[in-house]
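Undergrad: Before I ask anything, let me first share the structure, which is written out below as structure tokens.
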Number of protein chains: 4
Amino acid sequence: MRSLKVAERREFLEKKLRINLGNMAKFTLDPKKIANRNCENMIGAIQVPMGIAGPLKVQSAKCKVQSYYLPLATTEGALVASVNRGCKATRLSGGINVFVENVGATRAPVFRVKNLKEGRKLVDWTKKNFRKLKKIAEGTSSYLKFLKIQPTIFGRNVYLRFVFDASEAMGMNMVTLASRKMADFIRKGTKVECISVSGNLCVDKKPTWQNAILGRGKKVWAEAVLKRKIVKEVLKTTPEKISEVVYRKCLLGSAMAGSLGFNSHFANIVAAIFLATGQDMAHVVEGSLGITTAEVLKDNSLYFSVYLPDLMIGTVGGGTHLPTQKEALSILGLGKGRKGESLEFARIIGGAVLCGELSLVAALAGGHLVKAHEVLGRGKK
Amino acid sequence: MRSLKVAERREFLEKKLRINLGNMAKFTLDPKKIANRNCENMIGAIQVPMGIAGPLKVQSAKCKVQSYYLPLATTEGALVASVNRGCKATRLSGGINVFVENVGATRAPVFRVKNLKEGRKLVDWTKKNFRKLKKIAEGTSSYLKFLKIQPTIFGRNVYLRFVFDASEAMGMNMVTLASRKMADFIRKGTKVECISVSGNLCVDKKPTWQNAILGRGKKVWAEAVLKRKIVKEVLKTTPEKISEVVYRKCLLGSAMAGSLGFNSHFANIVAAIFLATGQDMAHVVEGSLGITTAEVLKDNSLYFSVYLPDLMIGTVGGGTHLPTQKEALSILGLGKGRKGESLEFARIIGGAVLCGELSLVAALAGGHLVKAHEVLGRGKK
Amino acid sequence: MRSLKVAERREFLEKKLRINLGNMAKFTLDPKKIANRNCENMIGAIQVPMGIAGPLKVQSAKCKVQSYYLPLATTEGALVASVNRGCKATRLSGGINVFVENVGATRAPVFRVKNLKEGRKLVDWTKKNFRKLKKIAEGTSSYLKFLKIQPTIFGRNVYLRFVFDASEAMGMNMVTLASRKMADFIRKGTKVECISVSGNLCVDKKPTWQNAILGRGKKVWAEAVLKRKIVKEVLKTTPEKISEVVYRKCLLGSAMAGSLGFNSHFANIVAAIFLATGQDMAHVVEGSLGITTAEVLKDNSLYFSVYLPDLMIGTVGGGTHLPTQKEALSILGLGKGRKGESLEFARIIGGAVLCGELSLVAALAGGHLVKAHEVLGRGKK
Amino acid sequence: MRSLKVAERREFLEKKLRINLGNMAKFTLDPKKIANRNCENMIGAIQVPMGIAGPLKVQSAKCKVQSYYLPLATTEGALVASVNRGCKATRLSGGINVFVENVGATRAPVFRVKNLKEGRKLVDWTKKNFRKLKKIAEGTSSYLKFLKIQPTIFGRNVYLRFVFDASEAMGMNMVTLASRKMADFIRKGTKVECISVSGNLCVDKKPTWQNAILGRGKKVWAEAVLKRKIVKEVLKTTPEKISEVVYRKCLLGSAMAGSLGFNSHFANIVAAIFLATGQDMAHVVEGSLGITTAEVLKDNSLYFSVYLPDLMIGTVGGGTHLPTQKEALSILGLGKGRKGESLEFARIIGGAVLCGELSLVAALAGGHLVKAHEVLGRGKK
């Protein structure tokens, strides 16, 4: 079916399967731009409803207070309303403090050595040739900075975790290309075979303790302090109840379940923003890792925080250039490749996750999760 | 913004932010049907390109050989082409064997007891009142069957993991409502307080060892045996190299990384099918858990298998009724709520994941992952 | 050196290495009884100081209040004193409530099958032949009851987790022998090869989520409520501070560290009791898994609990028959093989672990851990 | 009982419980030296049989080939014989290559801050005051070097993982004292409260991914290549079978079980050496983490390796000064506090673990594990 055009492929399916694909035929995407970058054998486009929440109010060490409307693409009723409610509660409480750290994009080829000695030699070799490797890596793209190598040896295996700054892009394609070139250079210089340009110590698109502990992409911390009155009026519950739900569910429950995430539903918010803004949806797996904490302060207000150690995101590249996704980014003032955009994006995601997490935990604490799905889902009030 | 209509909200943003949201304004969704079920504060729709791979050829204990074209919504170049290549290689090898098991949808409220004794009493009470609880649960929906309770006690906490059969729906909304009603009944009968209708032993949308071990939703096993010749001609590598990549990357690399998944990129394929067919995208987190194995058989052919223990999927409900998503399901012959559809869907996903996994591992083994992203991504058709 | 006697081997080393091994030559063990059961190539005995703590006061659903002096073999200063202090605090508070569950000893052979279909056939075969398997297993020892099989299939692997009741013994030798006989019978009946009588789903002597979730050996729950006054006078701190240490250290700290145990130092107490009573010291790895909780109750007293899901213990067999170990068991009133002894032993361990855990957490909360090592370690009597 | 002497306490128990504790009364330990350092409320000594295996032949980058007799204290029949067999097989194959890395002893106090900003300030403060902190830490012991701080912030928590070189001691007492002094200094300088001198990111005596990934104490790698003939003659099996057991049991089985260790029984060997040489037995929990690999090389010989990332050991301090333990260390030529001794000890443990692991896996591969417990356990041949 490769030689066919979009409409021809679709019509082929319609005839063969006796179905109608009329809705997916309606799109504003340009198939030519997509075929070489985002999707092969295109037959149309899927439409996912996009809602808006906010404004979200965040502030950071470097930036003054900023407000954002949040584009969220989802099919799960109550999610937009829930994030919206969290935005309101935190906005009325003076906003959300966020901090970010750029850990970097990573790729870790695995090499097969004869023995431990050769493995150690290989690692030494990469240290001695770091400047050359850097030159090779950075020669593949002007947007890429090669930062360091984190080596792991055991048995006949050497994993070299290459760490990069990919500017405002999520960067995995760039990073993989650079890693391949470096792996080739290492193979030529050492005669050691590279078994795979990815050795699963990257770790890409799998939930891992390594990424949870060391971080990957961007790390984000977000916190808010909510006055008792606002918790009561906006969230319909109390700081004590919210704190108890986080304790018994997010901490104790997760501990018992052998969970890699100690939170309530980071994945919902991360998925909705990722989908709206053209991120790689498989990165939701890592992006939703993290810990929620809630504590009642001495003045009876609520301290609420989220920590996300592994956000692989970009404001350029990947699916960000697609028409609707680009528009969603423009709602956030992003998508122009301005320096620092991806860190700003991380701050927004941190804030949004806090809002969604706070609102769901409050709904659970108040005993109105189901009601939330009924009432908020219907967008009343 | 809740009282506004879709266009009014969008125009409000366009004016306020001085941006143009013309593309997301073009959709065939019916906002009225969505507002109450899938998305609040709608401003438009995101479009994601949909490609087609296949035919995928699968067979199971109960079903004769079946062929499917796979709808995949993605923005990641090379993914559709990669799955397509896996379909070809397995098709030429006689197809993929799949097995499924319906574990069930789960929700686990957490109760706070005075002490261990009261906790044990509570569990005993639920055993004695199982029939009543079942009646309550099943009274909330004719599609729901309440199967069993898996209790966990420690300290002052009791978690009751309710297990349901939700027919062809993914079912979390149904299941949560039923759990809420049961929790109310338990509270009234025992005077024990339910702290949260979800206690994170469900476990919903987080990567956990509990679900990996006990399963959730559907479990799927898929396997194929590929002749050496086909591995060489279609996948451009050898069974030995594929087996070695799985060994050093998916097993040893994952072991060292503290990974919950021992695979290469299940998340990519799961995310693309989920997005195409209106599944809850946050379920990619659980749905992508699992193990890949590859072994060279005595006749030098390749044995390749995938195991996915935690697929939360449905062919009705959630986002499956949206126009383009419904069309995507129709390509698979699904979406009519026919009995057994969701198990068939699980079989298809298992087969598709095997194809995508096989193809990527082969690309890594042959040293042409990057090339894949360049060449296949450009669909040299 | 195998034909030599104990003294000859020792003297050989003394001459060859020019060292003096005079202390290890002094023992009351009977080398003849040991050579065939506990230790080959014996050259002497190691001496570990044994201290006594208590009385420990525990009560359970089935037993009235009971008191025990705890034998603890350790070289770590302050440990005995710390457990002792915990015994005092709980004794003055009315004792410790304990509950136990006999999960059973397990062994899981791994079989290599041709494919998934053969794997499922194999599992079906074991279900059909369960009675025969039971007869074979129980024919190897009159102390053994074969309870059930927990099968796991993926790829070309079938793991059959055999679950046994080994009476008052820890039982791994018995269980392994029975599993070997059953595996032989299965191989003969199905022509499927058993690759290893242990497939690491047992799981023996490794820390695993499977055992943490499903349990192994004995599960124990223990709890105590301590009045504020006693916390202050005996433990020199407050319920609030203890609760905060458990929260920030045992829960949040462990969550961040990717820990399989959410406790402070279960391993210390488990190791000291195991060593004193002739348990297999490698079982400390599993035996120390578990969760500590602490909460301040409404009347400002302290609720404190521990949960241990994986205690592999016995009061007969293994090292329990050695002279000093037998004496240590006799201090607990155990070691005669009386029915129910091993469950009583589990209750004692649960209580002891609670005491040690409480005391250390209190020392941390009061800021006198180091002092504890100095002052308590000196036993200021 | 604190004012009583050893014999008085023992007699008190004998009378009260009507038991005889005559065996534990016989020891060569000096109670006075122990009371203040190793054990309070002493009533006697436990005797554990000590066997000898070897010679073990190891070589490393820095040391020429060295041979050791291994002291192993255990009550588990067949263990000494099994390690012995591994020593023979590797000795005949030219010995074991070992590499070690001194990661350091660690302690991680947890501080409660007001918010993220204060947390970041606290971390900055420790960076600015690193020299002062180092002076304080190193002022507590001339054997201690303070290396670095690994900080972790989330919510209102700051964990400062202090990393030390404790020379030839395991060092936790030293390290805890130094950490306490530093925590005091930090509290005075920043007004931030230290909640606990250990915040479970140390991580001490719990199985954690953090330690598995970052290492703690000593990391050890050991490997051997065994000719086919030796595998057959000494281990009674083939390289292929050994490799398959490691693959299906240690890798696939562990992956499915959610195991933190991908090995067969590191814990057995580590426990026996630790017990013989006066190590802290609770450190077996961390010390037994690690990965085994086995591969058949092109010349049909067997490559076998073990990796242990988390060995907390010492040749001075703790229980190493006790008479029998000191003798056991002298068999290894250790225990004098000579510089580099603890690294040499780590190399020996790595080698011994490889031998024990190889021998058990071979017994499983050959189908004679049970026989091993019967035959080897009886020390025949």
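In the structure tokens, chains take letters A, B, ... by order of appearance, with residues numbered from 1 within each chain and ligands from 1 in the order shown.
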I'd like the neighbourhood of B:Ser82 as a PyMOL selection string, where a residue qualifies if any of its atoms comes within 8 Å (using only C-alpha atoms), though same-chain residues fewer than 3 positions away should be ignored.
TA: chain B and resi 78-79+85-86+355-356+359-360+376
Undergrad: So that I can see what lies close to C:Lys219, please list as a count of residues only the residues with an atom at most 10 Å from it, counting only C-alpha atoms and leaving out residues fewer than 2 positions away in the same chain.
TA: 24
Undergrad: Output as number ranges by chain the set of chain C residues within 10 Å of chain B, with distances taken over only C-alpha atoms.
TA: C: 60-61, 97-99, 114-117, 120, 152-157, 208-210, 212-214, 220-225, 258, 290-295, 297, 303-308
Undergrad: The selected residues should be written to file as a short mmCIF file (atom, residue, chain, number, x, y, z; two decimals), in the first residue's frame (atoms: C-alpha atoms).
TA:
data_model
loop_
_atom_site.label_atom_id
_atom_site.label_comp_id
_atom_site.auth_asym_id
_atom_site.auth_seq_id
_atom_site.Cartn_x
_atom_site.Cartn_y
_atom_site.Cartn_z
CA SER C 60 -3.14 -13.07 69.71
CA ALA C 61 -6.63 -14.06 68.68
CA ASN C 97 -1.25 -7.79 69.39
CA VAL C 98 -0.02 -10.24 66.79
CA PHE C 99 -1.64 -12.15 63.96
CA LYS C 114 8.11 -25.72 22.69
CA ASN C 115 5.60 -22.92 22.69
CA LEU C 116 2.69 -21.35 24.56
CA LYS C 117 0.33 -24.14 23.57
CA ARG C 120 -0.81 -24.46 28.66
CA THR C 152 3.25 -18.86 35.36
CA ILE C 153 3.73 -19.10 31.61
CA PHE C 154 5.55 -16.82 29.22
CA GLY C 155 7.51 -17.52 26.08
CA ARG C 156 8.93 -21.02 26.24
CA ASN C 157 8.94 -21.07 30.03
CA THR C 208 11.17 -9.83 45.55
CA TRP C 209 7.89 -8.07 45.04
CA GLN C 210 6.26 -11.43 44.41
CA ALA C 212 6.15 -9.20 49.40
CA ILE C 213 2.75 -9.32 47.70
CA LEU C 214 1.84 -13.01 47.88
CA VAL C 220 3.05 -11.68 60.64
CA TRP C 221 1.26 -8.53 61.71
CA ALA C 222 2.04 -6.89 65.06
CA GLU C 223 0.74 -3.68 66.62
CA ALA C 224 0.80 -1.79 69.89
CA VAL C 225 -0.82 1.33 71.29
CA GLY C 258 13.28 2.35 45.33
CA GLY C 290 7.95 -5.34 55.43
CA ILE C 291 6.23 -2.11 56.36
CA THR C 292 6.19 -0.02 59.53
CA THR C 293 3.37 2.41 60.28
CA ALA C 294 2.99 4.92 63.10
CA GLU C 295 0.05 7.19 63.77
CA LEU C 297 -4.41 8.64 67.79
CA TYR C 303 -0.30 3.51 67.28
CA PHE C 304 2.68 1.52 65.99
CA SER C 305 2.63 -1.49 63.68
CA VAL C 306 4.89 -3.76 61.68
CA TYR C 307 4.02 -6.19 58.90
CA LEU C 308 6.37 -8.99 57.78
#
Undergrad: Within 6 Å of stretch 45-58 of chain C, counting only C-alpha atoms, which residues qualify if same-chain residues fewer than 6 places away don't, as a PyMOL selection string?
TA: (chain C and resi 24+65-73+84+87+91+95-97) or (chain D and resi 40-50+324)
Undergrad: Work out how far apart atom CA of D:Ala362 and atom CA of C:Leu133 are and give it in Å to one decimal.
TA: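 Computed distance, atom CA of D:Ala362 to atom CA of C:Leu133, equals 26.2 Å.
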Undergrad: Atom CA of A:Lys298 and atom CA of A:Ser243 are how many Å apart?
TA: 13.4 Å
Undergrad: When DSSP works through the backbone of this structure, what residues of stretch 155-331 of chain D end up as alpha helix (DSSP H), shown as an MDAnalysis selection string?
TA: chainID D and resid 172:190 209:214 228:235 239:245 254:257 266:276 284:287 323:331
Undergrad: Do you know which residues are at most 8 Å from stretch 269-285 of chain D counting only C-alpha atoms, after dropping those on the same chain fewer than 3 positions away, and could you put them as a PDB file with C-alpha atoms, in the first residue's frame?
TA:
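The result, written out as part-v2.pdb:
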ATOM      1  CA  ILE C  46      32.439 -19.413  65.525  1.00  0.00           C
ATOM      2  CA  THR C  74      24.636 -10.204  67.609  1.00  0.00           C
ATOM      3  CA  THR C  75      27.885  -8.294  67.434  1.00  0.00           C
ATOM      4  CA  GLU C  76      26.175  -4.947  67.000  1.00  0.00           C
ATOM      5  CA  ALA C 267      16.931  -6.853  59.359  1.00  0.00           C
ATOM      6  CA  ASN C 268      18.780  -6.244  62.629  1.00  0.00           C
ATOM      7  CA  ALA C 271      19.146 -11.496  61.967  1.00  0.00           C
ATOM      8  CA  ALA C 272      19.772 -11.619  65.719  1.00  0.00           C
ATOM      9  CA  MET C 281      20.913 -16.786  57.819  1.00  0.00           C
ATOM     10  CA  ALA C 282      20.346 -16.232  54.096  1.00  0.00           C
ATOM     11  CA  VAL C 284      17.209 -12.747  56.589  1.00  0.00           C
ATOM     12  CA  VAL C 285      17.013 -11.284  53.083  1.00  0.00           C
TER      13      VAL C 285
ATOM     14  CA  MET D  50      32.790 -23.259  60.671  1.00  0.00           C
ATOM     15  CA  LEU D  70      37.718 -19.581  52.873  1.00  0.00           C
ATOM     16  CA  PRO D  71      36.233 -19.724  56.380  1.00  0.00           C
ATOM     17  CA  LEU D  72      32.459 -20.256  56.159  1.00  0.00           C
ATOM     18  CA  ALA D  73      30.176 -20.355  59.184  1.00  0.00           C
ATOM     19  CA  THR D  74      26.902 -22.016  58.362  1.00  0.00           C
ATOM     20  CA  LEU D  79      27.065 -25.050  51.254  1.00  0.00           C
ATOM     21  CA  VAL D  83      31.734 -23.440  47.408  1.00  0.00           C
ATOM     22  CA  ASP D 204      21.229   0.811  55.302  1.00  0.00           C
ATOM     23  CA  LYS D 205      20.109  -2.835  55.586  1.00  0.00           C
ATOM     24  CA  LYS D 206      17.187  -2.653  53.177  1.00  0.00           C
ATOM     25  CA  PRO D 207      17.167  -3.918  49.575  1.00  0.00           C
ATOM     26  CA  HIS D 265      21.950 -17.692  45.974  1.00  0.00           C
ATOM     27  CA  PHE D 266      24.478 -14.922  46.640  1.00  0.00           C
ATOM     28  CA  SER D 288      23.546 -10.239  48.491  1.00  0.00           C
ATOM     29  CA  LEU D 289      22.182  -7.953  45.749  1.00  0.00           C
ATOM     30  CA  LEU D 311      29.099  -4.864  50.073  1.00  0.00           C
ATOM     31  CA  MET D 312      29.280  -3.173  53.491  1.00  0.00           C
ATOM     32  CA  ILE D 313      32.306  -4.869  55.013  1.00  0.00           C
ATOM     33  CA  GLY D 314      35.295  -4.241  57.262  1.00  0.00           C
ATOM     34  CA  GLY D 318      32.344  -4.270  64.753  1.00  0.00           C
ATOM     35  CA  GLY D 319      32.556  -7.977  65.446  1.00  0.00           C
ATOM     36  CA  THR D 320      35.938  -8.464  63.801  1.00  0.00           C
ATOM     37  CA  HIS D 321      37.851  -8.260  67.073  1.00  0.00           C
ATOM     38  CA  LEU D 322      36.041 -11.210  68.663  1.00  0.00           C
ATOM     39  CA  THR D 324      36.983 -16.706  66.741  1.00  0.00           C
ATOM     40  CA  GLN D 325      36.098 -14.080  64.138  1.00  0.00           C
ATOM     41  CA  LYS D 326      39.585 -12.662  64.351  1.00  0.00           C
ATOM     42  CA  ALA D 328      38.726 -16.543  60.711  1.00  0.00           C
ATOM     43  CA  LEU D 329      40.055 -13.273  59.322  1.00  0.00           C
ATOM     44  CA  ILE D 349      34.053 -12.290  48.754  1.00  0.00           C
ATOM     45  CA  ALA D 352      33.805 -16.903  46.849  1.00  0.00           C
ATOM     46  CA  VAL D 353      30.357 -15.810  45.677  1.00  0.00           C
ATOM     47  CA  GLY D 356      29.218 -20.838  45.273  1.00  0.00           C
TER      48      GLY D 356
END
Undergrad: Quick one: everything within 7 Å of C:Phe146, counting only C-alpha atoms, minus sequence neighbours fewer than 4 positions away in the same chain. Send it as number ranges by chain.
TA: C: 134, 137-138, 163-165
Undergrad: Those same residues - N, CA and C atoms - I'd like them written as a PDB file, in the first residue's frame.
TA:
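Written output follows (again25.pdb):
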ATOM      1  N   LYS C 134       0.373 -34.895  44.487  1.00  0.00           N
ATOM      2  CA  LYS C 134       0.265 -34.740  45.944  1.00  0.00           C
ATOM      3  C   LYS C 134       0.784 -35.994  46.639  1.00  0.00           C
ATOM      4  N   ALA C 137       4.556 -36.057  46.369  1.00  0.00           N
ATOM      5  CA  ALA C 137       5.172 -35.052  47.247  1.00  0.00           C
ATOM      6  C   ALA C 137       5.094 -35.497  48.702  1.00  0.00           C
ATOM      7  N   GLU C 138       3.924 -35.903  49.112  1.00  0.00           N
ATOM      8  CA  GLU C 138       3.740 -36.215  50.528  1.00  0.00           C
ATOM      9  C   GLU C 138       4.364 -37.560  50.898  1.00  0.00           C
ATOM     10  N   VAL C 163       3.373 -25.071  46.461  1.00  0.00           N
ATOM     11  CA  VAL C 163       3.220 -24.523  47.813  1.00  0.00           C
ATOM     12  C   VAL C 163       2.950 -25.669  48.798  1.00  0.00           C
ATOM     13  N   PHE C 164       3.696 -25.691  49.900  1.00  0.00           N
ATOM     14  CA  PHE C 164       3.640 -26.767  50.880  1.00  0.00           C
ATOM     15  C   PHE C 164       3.426 -26.233  52.298  1.00  0.00           C
ATOM     16  N   ASP C 165       2.873 -27.081  53.111  1.00  0.00           N
ATOM     17  CA  ASP C 165       2.921 -26.864  54.556  1.00  0.00           C
ATOM     18  C   ASP C 165       3.975 -27.825  55.097  1.00  0.00           C
TER      19      ASP C 165
END
Undergrad: Can you pull out every residue within 8 Å of stretch 188-193 of chain D, counting only C-alpha atoms, but drop anything in the same chain fewer than 5 positions away, and send it as a list of chain:residue names?
TA: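 Contacts, with the query itself left out: D:Phe111, D:Arg112, D:Val113, D:Leu122, D:Trp125.
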Undergrad: Emit the selected residues as a CSV table (one decimal), in the first residue's frame, including C-alpha atoms.
TA:
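Result file follows (part-v2.csv):
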chain,number,residue,atom,x,y,z
D,111,PHE,CA,15.6,17.6,57.1
D,112,ARG,CA,12.2,19.2,57.2
D,113,VAL,CA,12.0,22.5,55.3
D,122,LEU,CA,19.8,24.3,52.4
D,125,TRP,CA,24.4,26.2,52.1
Undergrad: Determine, counting only C-alpha atoms, which protein, DNA and RNA residues have an atom within 7 Å of an atom of stretch 168-171 of chain D; residues of the same chain fewer than 6 positions away are not included. Present the result as a short mmCIF file (atom, residue, chain, number, x, y, z; two decimals) with N, CA, C and O atoms, in the first residue's frame.
TA:
data_model
loop_
_atom_site.label_atom_id
_atom_site.label_comp_id
_atom_site.auth_asym_id
_atom_site.auth_seq_id
_atom_site.Cartn_x
_atom_site.Cartn_y
_atom_site.Cartn_z
N ALA D 105 31.00 4.37 52.57
CA ALA D 105 29.89 4.21 53.51
C ALA D 105 29.04 5.47 53.45
O ALA D 105 29.55 6.56 53.19
N MET D 312 28.88 -3.97 52.32
CA MET D 312 29.28 -3.17 53.49
C MET D 312 30.12 -4.07 54.39
O MET D 312 29.56 -4.86 55.17
N ILE D 313 31.42 -3.95 54.29
CA ILE D 313 32.31 -4.87 55.01
C ILE D 313 33.47 -4.14 55.65
O ILE D 313 33.81 -3.01 55.29
N GLY D 314 34.11 -4.80 56.64
CA GLY D 314 35.30 -4.24 57.26
C GLY D 314 36.18 -5.34 57.80
O GLY D 314 35.72 -6.46 58.06
N THR D 315 37.44 -5.04 57.95
CA THR D 315 38.37 -6.02 58.53
C THR D 315 38.79 -5.60 59.94
O THR D 315 39.52 -6.31 60.61
N VAL D 316 38.34 -4.43 60.35
CA VAL D 316 38.50 -3.99 61.74
C VAL D 316 37.16 -3.43 62.21
O VAL D 316 36.29 -3.12 61.41
N GLY D 317 37.00 -3.28 63.51
CA GLY D 317 35.76 -2.74 64.07
C GLY D 317 34.64 -3.77 64.11
O GLY D 317 34.80 -4.90 63.64
N GLY D 337 44.21 -4.41 60.00
CA GLY D 337 44.00 -3.00 59.71
C GLY D 337 44.97 -2.44 58.69
O GLY D 337 45.06 -1.23 58.50
N LYS D 339 46.40 -1.11 55.32
CA LYS D 339 45.72 -0.31 54.29
C LYS D 339 45.37 -1.17 53.07
O LYS D 339 46.22 -1.89 52.56
N GLY D 340 44.15 -1.09 52.64
CA GLY D 340 43.73 -1.85 51.46
C GLY D 340 43.13 -3.21 51.80
O GLY D 340 42.64 -3.91 50.92
N GLU D 341 43.16 -3.55 53.08
CA GLU D 341 42.62 -4.85 53.50
C GLU D 341 41.15 -5.04 53.11
O GLU D 341 40.74 -6.12 52.70
N SER D 342 40.35 -3.99 53.28
CA SER D 342 38.92 -4.17 53.04
C SER D 342 38.64 -4.38 51.56
O SER D 342 37.70 -5.09 51.19
#
